[in-house]
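File shown: work_20.cif (mmCIF, C-alpha atoms).
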data_work
loop_
_atom_site.label_atom_id
_atom_site.label_comp_id
_atom_site.auth_asym_id
_atom_site.auth_seq_id
_atom_site.Cartn_x
_atom_site.Cartn_y
_atom_site.Cartn_z
CA MET A 24 -52.82 -11.30 107.23
CA LYS A 25 -49.12 -10.75 107.87
CA TRP A 26 -48.31 -7.50 106.12
CA ARG A 27 -46.50 -5.07 108.41
CA ASN A 28 -42.95 -3.93 107.74
CA ARG A 29 -43.01 -5.20 104.18
CA LYS A 30 -42.64 -3.51 100.82
CA GLN A 31 -45.35 -1.09 99.71
CA SER A 32 -46.07 -0.39 96.07
CA THR A 33 -44.77 2.80 94.51
CA HIS A 34 -47.28 2.59 91.67
CA VAL A 35 -49.78 4.57 93.71
CA ASP A 36 -51.64 7.81 93.04
CA ASP A 37 -52.79 8.88 96.50
CA ARG A 38 -55.58 11.45 96.13
CA ARG A 39 -57.10 11.12 99.59
CA HIS A 40 -56.27 14.69 100.51
CA SER A 41 -57.09 16.21 97.13
CA SER A 42 -60.25 14.33 96.12
CA GLY A 43 -63.62 15.56 97.29
CA GLY A 44 -65.33 14.23 100.37
CA ALA A 45 -64.09 13.09 103.71
CA ALA A 46 -61.52 15.09 105.56
CA GLY A 47 -59.78 14.86 108.88
CA PRO A 48 -59.51 17.58 111.46
CA GLY A 49 -58.83 20.91 109.78
CA GLY A 50 -60.07 19.69 106.39
CA GLY A 51 -63.36 20.65 104.78
CA GLY A 52 -65.72 17.88 103.70
CA LEU A 53 -68.72 19.95 102.57
CA PRO A 54 -69.13 22.23 99.55
CA SER A 55 -69.04 25.93 100.28
CA ILE A 56 -72.18 28.04 99.99
CA GLY A 57 -70.50 29.85 97.13
CA THR A 58 -69.96 26.59 95.29
CA LEU A 59 -73.60 25.58 95.69
CA LEU A 60 -74.83 28.99 94.51
CA PHE A 61 -72.54 28.75 91.49
CA LEU A 62 -73.84 25.27 90.64
CA TRP A 63 -77.52 26.01 91.23
CA PRO A 64 -78.22 27.43 87.72
CA ILE A 65 -76.81 24.15 86.33
CA ILE A 66 -78.56 21.85 88.79
CA LYS A 67 -82.00 23.49 88.93
CA PRO A 68 -83.10 22.73 85.31
CA LEU A 69 -81.96 19.13 85.67
CA LEU A 70 -84.10 18.64 88.75
CA ARG A 71 -87.28 19.38 86.76
CA SER A 72 -87.29 16.09 84.85
CA LYS A 73 -86.73 12.41 85.56
CA LEU A 74 -84.24 12.29 82.71
CA GLY A 75 -82.31 15.17 84.21
CA LEU A 76 -82.19 13.46 87.57
CA ALA A 77 -80.92 10.27 85.95
CA ILE A 78 -78.21 12.16 84.10
CA LEU A 79 -77.20 14.19 87.13
CA GLY A 80 -77.12 11.49 89.77
CA ILE A 81 -75.35 11.54 93.12
CA GLY A 82 -72.02 10.71 91.46
CA ALA A 83 -72.27 13.68 89.10
CA LEU A 84 -73.20 16.01 91.93
CA ALA A 85 -70.17 14.84 93.87
CA TYR A 86 -68.02 15.36 90.79
CA PHE A 87 -69.21 18.90 90.11
CA ALA A 88 -69.16 19.98 93.73
CA GLY A 89 -65.88 18.30 94.52
CA THR A 90 -67.34 16.63 97.58
CA ASN A 91 -68.86 13.39 98.78
CA LEU A 92 -72.60 14.01 98.93
CA SER A 93 -73.14 10.46 100.16
CA VAL A 94 -72.77 11.88 103.67
CA PHE A 95 -76.33 13.14 103.15
CA THR A 96 -77.64 9.83 101.84
CA GLY A 97 -76.08 7.38 104.26
CA GLY A 98 -73.48 5.79 101.99
CA GLY A 99 -69.80 6.03 101.16
CA SER A 100 -67.08 7.59 103.26
CA PRO A 101 -67.94 9.22 106.58
CA MET A 102 -67.69 13.00 106.90
CA PHE A 103 -64.69 12.79 109.22
CA VAL A 104 -61.86 10.31 109.08
CA ASN A 105 -59.52 9.07 111.78
CA GLU A 106 -56.22 10.01 110.16
CA GLU A 107 -54.18 7.36 111.98
CA GLN A 108 -56.55 4.56 110.97
CA ASP A 109 -56.75 5.94 107.45
CA GLU A 110 -52.97 5.89 107.07
CA GLU A 111 -52.80 2.33 108.36
CA LEU A 112 -55.47 1.18 105.93
CA ALA A 113 -53.67 2.94 103.07
CA ALA A 114 -50.39 1.27 104.06
CA PHE A 115 -52.13 -2.12 104.08
CA ILE A 116 -53.65 -1.61 100.61
CA LYS A 117 -50.30 -0.46 99.22
CA THR A 118 -48.65 -3.57 100.65
CA VAL A 119 -51.23 -5.88 99.08
CA HIS A 120 -50.73 -4.03 95.80
CA ALA A 121 -46.98 -4.65 96.03
CA ASP A 122 -47.65 -8.35 96.70
CA ALA A 123 -49.87 -8.47 93.62
CA GLU A 124 -47.14 -6.83 91.54
CA ALA A 125 -44.65 -9.48 92.66
CA VAL A 126 -47.07 -12.37 92.10
CA TRP A 127 -48.30 -11.34 88.67
CA GLY A 128 -44.84 -10.22 87.62
CA ARG A 129 -43.54 -13.73 88.31
CA ILE A 130 -46.50 -15.47 86.66
CA PHE A 131 -46.15 -13.37 83.50
CA ALA A 132 -42.35 -13.82 83.46
CA GLU A 133 -42.74 -17.60 83.69
CA ALA A 134 -45.00 -17.39 80.64
CA GLY A 135 -42.38 -15.36 78.78
CA GLN A 136 -44.36 -12.13 79.03
CA ARG A 137 -43.85 -8.75 80.67
CA TYR A 138 -46.32 -7.62 83.29
CA HIS A 139 -47.50 -4.02 82.96
CA PHE A 140 -48.16 -2.63 86.43
CA PRO A 141 -51.53 -0.98 87.06
CA THR A 142 -51.63 2.20 89.11
CA LEU A 143 -53.54 2.13 92.38
CA VAL A 144 -55.59 5.29 92.97
CA LEU A 145 -56.60 5.93 96.58
CA TYR A 146 -59.27 8.52 97.22
CA ARG A 147 -62.14 9.45 99.46
CA GLY A 148 -65.39 10.96 98.27
CA SER A 149 -64.96 11.61 94.57
CA THR A 150 -62.34 11.84 91.87
CA VAL A 151 -61.98 11.60 88.10
CA SER A 152 -60.92 8.47 86.21
CA GLY A 153 -60.15 7.66 82.61
CA CYS A 154 -63.59 6.05 82.54
CA GLY A 155 -65.39 9.14 83.87
CA PRO A 156 -66.31 10.58 87.27
CA ALA A 157 -65.81 8.28 90.25
CA SER A 158 -67.60 8.51 93.58
CA ALA A 159 -67.57 6.63 96.85
CA ARG A 160 -70.92 5.02 96.03
CA MET A 161 -69.43 3.20 93.03
CA GLY A 162 -67.14 1.03 95.12
CA PRO A 163 -63.68 -0.08 93.93
CA PHE A 164 -63.32 -0.49 90.16
CA TYR A 165 -60.78 -1.01 87.40
CA CYS A 166 -60.61 1.37 84.46
CA PRO A 167 -59.09 -0.22 81.32
CA GLU A 168 -58.81 3.19 79.67
CA ASP A 169 -56.06 4.38 82.01
CA LEU A 170 -54.95 1.03 83.50
CA LYS A 171 -55.78 2.13 87.04
CA VAL A 172 -57.55 0.55 89.99
CA TYR A 173 -59.68 3.08 91.91
CA VAL A 174 -60.32 2.48 95.59
CA ASP A 175 -62.32 4.74 97.88
CA LEU A 176 -61.18 3.66 101.34
CA GLY A 177 -64.67 4.28 102.74
CA PHE A 178 -65.86 1.19 100.86
CA PHE A 179 -64.10 -1.07 103.32
CA GLU A 180 -66.01 0.54 106.16
CA ASP A 181 -69.26 -0.16 104.31
CA LEU A 182 -68.12 -3.71 103.56
CA GLU A 183 -67.80 -4.40 107.27
CA ARG A 184 -70.70 -2.32 108.56
CA GLN A 185 -73.35 -3.12 105.93
CA HIS A 186 -72.31 -6.56 104.73
CA GLY A 187 -70.61 -8.11 107.75
CA ALA A 188 -67.39 -8.79 105.84
CA GLU A 189 -64.63 -7.77 108.21
CA GLY A 190 -60.92 -8.41 108.39
CA ASP A 191 -57.86 -7.44 106.40
CA PHE A 192 -58.01 -10.40 104.05
CA ALA A 193 -61.54 -9.45 103.02
CA ARG A 194 -60.07 -6.13 101.92
CA ALA A 195 -57.21 -7.89 100.14
CA TYR A 196 -59.76 -9.98 98.23
CA VAL A 197 -61.58 -6.85 97.05
CA LEU A 198 -58.40 -5.22 95.76
CA THR A 199 -57.03 -8.34 94.07
CA HIS A 200 -60.41 -8.94 92.39
CA GLU A 201 -60.04 -5.54 90.70
CA ILE A 202 -56.45 -6.36 89.76
CA GLY A 203 -57.91 -9.53 88.25
CA HIS A 204 -59.74 -7.28 85.79
CA HIS A 205 -56.39 -5.74 84.89
CA ILE A 206 -55.08 -9.22 84.10
CA GLN A 207 -58.14 -9.80 81.91
CA ASN A 208 -57.41 -6.54 80.12
CA LEU A 209 -53.81 -7.54 79.45
CA GLU A 210 -55.00 -10.93 78.18
CA GLY A 211 -57.47 -9.29 75.81
CA THR A 212 -60.45 -10.86 77.60
CA LEU A 213 -62.23 -7.58 78.30
CA ASP A 214 -62.10 -6.53 74.63
CA GLN A 215 -63.33 -9.97 73.52
CA VAL A 216 -66.22 -9.86 75.95
CA GLN A 217 -67.19 -6.36 74.84
CA SER A 218 -67.23 -7.50 71.22
CA ALA A 219 -69.28 -10.55 72.12
CA LYS A 220 -71.80 -8.43 74.02
CA GLN A 221 -72.38 -6.31 70.92
CA GLN A 222 -73.48 -9.46 69.09
CA LEU A 223 -76.02 -10.37 71.75
CA ARG A 224 -79.44 -8.75 71.62
CA SER A 225 -80.62 -10.21 74.90
CA ASP A 226 -79.83 -8.25 78.05
CA ALA A 227 -79.98 -11.50 79.98
CA LYS A 228 -77.31 -13.04 77.75
CA GLN A 229 -75.11 -9.97 78.10
CA ASN A 230 -75.50 -10.18 81.86
CA GLN A 231 -74.52 -13.85 81.83
CA LEU A 232 -71.35 -12.94 79.98
CA GLN A 233 -70.55 -10.20 82.49
CA VAL A 234 -71.06 -12.67 85.35
CA ARG A 235 -68.35 -14.85 83.82
CA VAL A 236 -66.00 -11.85 83.69
CA GLU A 237 -66.55 -11.18 87.38
CA LEU A 238 -66.22 -14.81 88.45
CA GLN A 239 -62.94 -15.11 86.58
CA ALA A 240 -61.67 -12.03 88.44
CA ASP A 241 -62.68 -13.77 91.68
CA CYS A 242 -60.69 -16.81 90.61
CA TYR A 243 -57.69 -14.66 89.75
CA ALA A 244 -57.88 -13.16 93.25
CA GLY A 245 -57.62 -16.72 94.54
CA VAL A 246 -54.63 -17.39 92.28
CA TRP A 247 -52.96 -14.34 93.82
CA ALA A 248 -53.62 -15.66 97.33
CA ASN A 249 -52.09 -19.03 96.43
CA HIS A 250 -48.87 -17.53 95.10
CA ALA A 251 -48.63 -14.77 97.70
CA GLN A 252 -48.74 -17.39 100.44
CA LYS A 253 -45.89 -19.32 98.81
CA MET A 254 -43.82 -16.20 98.23
CA PHE A 255 -44.46 -14.21 101.41
CA ASP A 256 -46.17 -16.54 103.92
CA ILE A 257 -48.97 -14.02 104.37
CA LEU A 258 -51.83 -16.14 105.74
CA GLU A 259 -52.98 -16.20 109.32
CA GLU A 260 -55.74 -18.29 110.86
CA GLY A 261 -59.13 -17.22 109.53
CA ASP A 262 -57.84 -15.19 106.57
CA LEU A 263 -59.32 -17.37 103.82
CA GLU A 264 -62.62 -17.49 105.69
CA GLU A 265 -62.66 -13.68 105.74
CA ALA A 266 -62.26 -13.57 101.96
CA LEU A 267 -64.95 -16.22 101.43
CA VAL A 268 -67.36 -14.26 103.62
CA ALA A 269 -66.60 -11.11 101.62
CA ALA A 270 -67.18 -12.92 98.32
CA SER A 271 -70.46 -14.35 99.59
CA SER A 272 -71.64 -11.04 101.03
CA ILE A 273 -71.53 -9.26 97.67
CA GLY A 274 -73.20 -11.95 95.56
CA ASP A 275 -76.02 -10.62 93.38
CA ASP A 276 -78.64 -12.85 94.97
CA ARG A 277 -77.80 -11.74 98.49
CA LEU A 278 -77.57 -8.04 97.60
CA GLN A 279 -80.89 -8.10 95.75
CA ARG A 280 -82.65 -9.90 98.59
CA GLN A 281 -81.28 -7.35 101.05
CA ALA A 282 -82.44 -4.47 98.86
CA GLN A 283 -85.84 -5.68 97.68
CA GLY A 284 -86.63 -8.96 99.41
CA PHE A 285 -86.18 -11.17 96.33
CA ALA A 286 -83.65 -11.96 93.61
CA ILE A 287 -84.01 -11.70 89.83
CA PRO A 288 -81.42 -14.10 88.35
CA HIS A 289 -81.49 -12.81 84.77
CA THR A 290 -80.35 -9.40 86.03
CA PHE A 291 -77.28 -10.75 87.84
CA THR A 292 -74.00 -9.20 86.67
CA HIS A 293 -71.49 -10.54 89.24
CA GLY A 294 -72.71 -14.01 90.18
CA THR A 295 -74.38 -15.56 93.19
CA SER A 296 -72.80 -15.69 96.61
CA LYS A 297 -72.09 -19.40 96.13
CA GLN A 298 -70.50 -18.87 92.73
CA ARG A 299 -68.26 -16.03 93.89
CA ALA A 300 -66.99 -17.98 96.89
CA GLU A 301 -66.48 -21.16 94.83
CA TRP A 302 -64.46 -19.47 92.09
CA PHE A 303 -62.27 -17.65 94.59
CA ALA A 304 -61.67 -20.95 96.41
CA ARG A 305 -60.82 -22.66 93.12
CA GLY A 306 -58.10 -20.13 92.43
CA VAL A 307 -56.70 -20.55 95.93
CA ARG A 308 -56.55 -24.34 95.60
CA SER A 309 -55.08 -24.42 92.10
CA GLY A 310 -52.94 -21.32 91.67
CA ARG A 311 -53.27 -21.79 87.90
CA LEU A 312 -54.86 -19.33 85.50
CA SER A 313 -55.92 -22.23 83.30
CA ASP A 314 -58.33 -23.35 86.02
CA CYS A 315 -60.09 -19.98 85.93
CA ASN A 316 -61.81 -20.44 82.55
CA THR A 317 -65.34 -19.32 83.30
CA PHE A 318 -66.23 -19.01 79.61
CA GLY A 319 -65.88 -22.66 78.61
CA ASP A 320 -69.57 -23.55 78.22
CA PHE A 321 -71.02 -20.19 77.17
#
Written form, structure tokens:
Amino acid sequence: MKWRNRKQSTHVDDRRHSSGGAAGPGGGGLPSIGTLLFLWPIIKPLLRSKLGLAILGIGALAYFAGTNLSVFTGGGSPMFVNEEQDEELAAFIKTVHADAEAVWGRIFAEAGQRYHFPTLVLYRGSTVSGCGPASARMGPFYCPEDLKVYVDLGFFEDLERQHGAEGDFARAYVLTHEIGHHIQNLEGTLDQVQSAKQQLRSDAKQNQLQVRVELQADCYAGVWANHAQKMFDILEEGDLEEALVAASSIGDDRLQRQAQGFAIPHTFTHGTSKQRAEWFARGVRSGRLSDCNTFGDF
């Protein structure tokens, strides 16, 4: 993807050096002994029951301790970060965010509407969002409560290392998928889906509805790619293939088979690998939001 020496977004809350977790040379990535001793009276009773463990969780531990405990469990950001590479990755993500601002700003303006910019939060390890504690193990997410997209940069390392989805456009797809949820929030789709879920007693039906939310966000990521190419000539050979591989690599069926050897379709919440790739490709081909209606036959 052609991105260097272009505008970077200013709607960014960069917490990489203040959030818990990974640190470069001279920075501490582990909780102090004093911190652990202070927390132990809180943690110890919770460890005595399954319910306590479920409530506590790795994410909550990271939140309380102000660190990324995934370094002990094999996930999330590494303990030490190459500062030069980290800065380059941050610059890339900020550039994609600026492209998304330009694309969605134009699309909304053409529809006679004003686009409200989401804030991009960059962090490593753990932080706090309007939707609660955030940790590296959660992956990128959008919080409608504070209109922010949260991205732990370590996720992109996991995306490449664990799922084989490498390349800058794979990363661009991940970010613009989350921005797609922001578009859904502005459109009122997220509120409508939440209301609809409350009317459904079946978990399987609720999951089907959530799959449609995620597939539409994939399609919106494709719409962004279509317009960004026209506006900024961003694509290089192999870029779209990188995004399609990324979409396929995080399909529910593939992830479940990797984790447990088989897939359980009624538990899917994001869609199959084929669905995710197809809806992203549809957005790329069309460039129209109207072609991203995943709710038509529900």
**OP:** List the residues matched by the PyMOL selection byres ((chain A and resi 216-220) around 10) in the displayed structure as number ranges by chain, ordered by chain and then by residue number.
**Re:** A: 211-215, 221-226, 228-233, 235-236, 318
**OP:** State, in Å with one decimal place, the distance from CA of Ile273 (chain A) to CA of His204 (chain A).
**Re:**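 CA of Ile273 (chain A) sits 16.9 Å away from CA of His204 (chain A).
Taking CA of Asp37 (chain A) and CA of Arg194 (chain A) as the two end points, the separation is 17.5 Å.
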Original post:
Pick the closest to Cys315 (chain A) from A:Ala125, A:Val174, A:Leu263, A:Ala240: which is it, counting only C-alpha atoms?
Top reply: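 Closest residue, counting only C-alpha atoms: A:Ala240.
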Apply the PyMOL selection byres ((chain A and resi 128) around 12) to the file shown and report the selected residues as an mmCIF file with C-alpha atoms, in the coordinates of the input.
data_model
loop_
_atom_site.group_PDB
_atom_site.id
_atom_site.type_symbol
_atom_site.label_atom_id
_atom_site.label_comp_id
_atom_site.auth_asym_id
_atom_site.auth_seq_id
_atom_site.Cartn_x
_atom_site.Cartn_y
_atom_site.Cartn_z
ATOM 1 C CA HIS A 120 -50.730 -4.030 95.800
ATOM 2 C CA ALA A 121 -46.980 -4.650 96.030
ATOM 3 C CA ASP A 122 -47.650 -8.350 96.700
ATOM 4 C CA ALA A 123 -49.870 -8.470 93.620
ATOM 5 C CA GLU A 124 -47.140 -6.830 91.540
ATOM 6 C CA ALA A 125 -44.650 -9.480 92.660
ATOM 7 C CA VAL A 126 -47.070 -12.370 92.100
ATOM 8 C CA TRP A 127 -48.300 -11.340 88.670
ATOM 9 C CA ARG A 129 -43.540 -13.730 88.310
ATOM 10 C CA ILE A 130 -46.500 -15.470 86.660
ATOM 11 C CA PHE A 131 -46.150 -13.370 83.500
ATOM 12 C CA ALA A 132 -42.350 -13.820 83.460
ATOM 13 C CA GLU A 133 -42.740 -17.600 83.690
ATOM 14 C CA ALA A 134 -45.000 -17.390 80.640
ATOM 15 C CA GLY A 135 -42.380 -15.360 78.780
ATOM 16 C CA GLN A 136 -44.360 -12.130 79.030
ATOM 17 C CA ARG A 137 -43.850 -8.750 80.670
ATOM 18 C CA TYR A 138 -46.320 -7.620 83.290
ATOM 19 C CA HIS A 139 -47.500 -4.020 82.960
ATOM 20 C CA PHE A 140 -48.160 -2.630 86.430
ATOM 21 C CA PRO A 141 -51.530 -0.980 87.060
ATOM 22 C CA ILE A 206 -55.080 -9.220 84.100
ATOM 23 C CA TRP A 247 -52.960 -14.340 93.820
ATOM 24 C CA HIS A 250 -48.870 -17.530 95.100
ATOM 25 C CA ALA A 251 -48.630 -14.770 97.700
#
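For Cys242 (chain A), the set of protein, DNA and RNA residues having any atom at most 7 Å away, when counting all atoms listed in the file and skipping those fewer than 6 positions along the same chain, is Trp302, Phe303, Arg305, Gly306 and Cys315 of chain A.
Pairwise distance (CA of Gly162 (chain A), CA of Glu110 (chain A)) equals 19.2 Å.
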Original post:
For Lys30 (chain A), which of A:Glu111, A:His205, A:Gly148, A:Phe255 is the closest residue, counting only C-alpha atoms?
Top reply: A:Phe255
